[in-house]
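See structure below.
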Amino acid sequence: MDGGLILIKNNMKIIFLAYRDWSLSVYESIQRHPNVQFSVLCKTQVELEKLDLNDFDLIISCGWSEELGEEILGKIKAIGVHCAELDRYSYGSPIQLQIIDGITRTKHRIFSFTYDADSPRAHTHDCLFSHEVDLDLSGNMVDILEQMTVTSKVLFRRYLDDYPNIEWRKWPDEEIVRKKREPKDSYIKKEDISAMNTEELYNFFRCLEFPYPNGAIEDEYGTLFIERVRFLKKS
Amino acid sequence: MRVIFCGYRSWSLNIIDKIKKHNKINSFEIISSKEEYDFKFNKLVINADLIVFLGWSWIIPKEITNKYLCVGVHPSDLPDYRGGSPIQHQIINGVIETKISLMTISEKLDGGDIWLKNDLDLGGDTIEIIFKNLEESSIALFNIFFNLYPNIEPIKQDLTKGSYFKRRAPEESRIKIEDFKNKPLKEIYNTIRCLTAPYPNAYIEDSEGNRLYFKDVRYVENK
């Protein structure tokens with residue numbers, strides 16, 4: 001049960017947070033869900049802060065990077081989607097870090113969006129998830145993001161179907177911390193090319209395809225940005 | 001003027017679409033495949049003052065070039081870069097500003113008389129951009145040509161000058177991994193960008209035979 005509240009279905013008032021293209025495409029499907037009576041799309045934190053949260057039942061965040069903060073999360077339940085088998089990759093840049101680590105099959109999960117000023121994790125501090133589906137991380141970024149649009153629709157619609165009878169499951173803590181990537185991590189030196197095999201290079205460049213800052217190779221004269229790659233494994 | 005246009009690539013069809021409307025052209029026909037070309041030139045009576053070949057990949061027999069005035073556009077400042085893959089060879093050699101040359105098609109590959117030339121910019125991250133430049137430059141060139149024709153005389157090429165290159169093979173799209181270490185990145189960029197679609201993309205291959213293809217890149221020079 002979610003907070004002990006029994007809400008009348010068909011009557012939910014939702015705030016949907018999204019600003020990335022792949023996540024904005026999810027909104028219409030949520031708007032049309034039969035249990036949603038009213039919804040608002042916020043693309044910025046400023047837009048969110050202008051709303052009276054007492055008028056809403058739930059925040060659905062989709063690909064939202066910013067912390068919502070203690071004040072907001074103290075007033076309203078919030079959920080999000082995360083594309084990793086949590087607790088792994090819960091510190092930011094989950095797509096990039098998994099691909100670079102050679103992971104091609106992962107999970108897309110609904111997690112309980114919480115705030116903890118002392119935690120290095122991104123949003124997932126109470127380690128609870130409700131719904132999950134498989135996510136394929138092979139292929140180019142455009143394929144992965146297209147898939148995430150679809151899997152996010154599935155996950156949020158399932159959540160809304162089940163609401164308020166949500167069964168939260170705790171994922172086990174993991175010691176390994178994989179730090180969020182920084183812009184400088186997208187650059188490699190010319191010498192590094194020969195130290196990596198073609199599959200490692202493919203993974204490095206494809207996880208940084210549009211809309212992310214492209215992977216790049218530097219020398220003393222300039223920078224070569226690799227926008228799109230393809231890999232052919234010898235059969 | 002009665003003109004036959006031969007071209008099948010999208011950039012050549014775009015050029016034909018624009019120049020076929022020139023007021024000196026009374027009638028025109030467009031041949032857009034080798035099969036259509038073979039059928040019409042072998043079976044039918046051709047009635048044309050001029051035959052324009054654009055991006056045509058097949059050798060035109062001398063029976064045709066001797067009988068009709070045949071012209072074509074070559075994307076280089078002839079007699080430089082005669083032969084195959086002129087765009088790729090120029091870009092790989094660092095040429096950015098070049099010409100397109102309107103020439104008579106003769107027995108000697110890209111060795112015919114030159115009617116006119118126009119500027120061609122080989123800059124840009126993709127071949128698609130360069131094809132767009134080629135389209136625009138060719139349209140302007142043909143409009144000048146039709147405006148002047150028949151009061152225009154071609155100039156003989158000096159084939160003792162210039163250069164000749166062979167058509168590139170797909171396996172030449174391979175970049176050696178050591179090249180990344182030994183060559184300036186701008187050279188690598190030039191190789192990759194001139195082999196963007198529709199050409200066989202540049203690639204590196206590791207010792208296991210796996211290949212990484214570079215589809216799109218951009219280069220930023222240090223200030």
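Identifiers in this document derive from the order of the structure tokens: chains are assigned A, B, ..., residues are numbered from 1 separately in each chain, and ligands are numbered from 1 in order of occurrence.
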Legend entry - Within 9 Å of stretch 132-143 of chain A using only C-alpha atoms, minus same-chain residues under 3 positions, as an NGL selection string: :A and (83-84 or 95 or 98-99 or 103-110 or 129 or 146-148 or 151 or 154-155 or 203 or 206-211 or 228-231)
Inset, instruction - With a cut-off of 9 Å and counting only C-alpha atoms, select all residues of chain A in contact with chain B and give the selection as a list of chain:residue names. - result: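 Within 9 Å of chain B on chain A, we get A:Lys190, A:Glu191, A:Asp192, A:Ile193, A:Ser194, A:Asn197, A:Thr198, A:Glu199, A:Leu201, A:Tyr202, A:Ile217, A:Glu218, A:Asp219, A:Glu220, A:Tyr221, A:Gly222, A:Thr223, A:Leu224, A:Phe225, A:Ile226, A:Glu227, A:Arg228, A:Val229, A:Arg230, A:Phe231, A:Leu232, A:Lys233, A:Lys234, A:Ser235.
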Inset, instruction - Mind giving me the straight-line distance from atom CA of A:Ser29 to atom CA of A:Val150 in Å, one decimal? - result: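 Distance reported for this atom pair: 9.8 Å.
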Legend entry - Which of stretch 13-222 of chain B DSSP labels strand (DSSP E), written as a ChimeraX atom specification: /B:27-31,50-53,70-74,82-83,97-104,114-121,164-165,202-205,211-221
Inset, instruction - Would you mind listing what lies within 8 Å of B:Pro200 as a ChimeraX atom specification, with only C-alpha atoms counted and same-chain residues fewer than 3 positions away left out? - result: /B:170,173,195-197
Inset, instruction - Name all residues at most 10 Å from stretch 166-169 of chain A (count only C-alpha atoms; drop same-chain ones fewer than 5 positions away) and give them as a PyMOL selection string. - result: chain A and resi 1-3+110-112+127-131+158-161
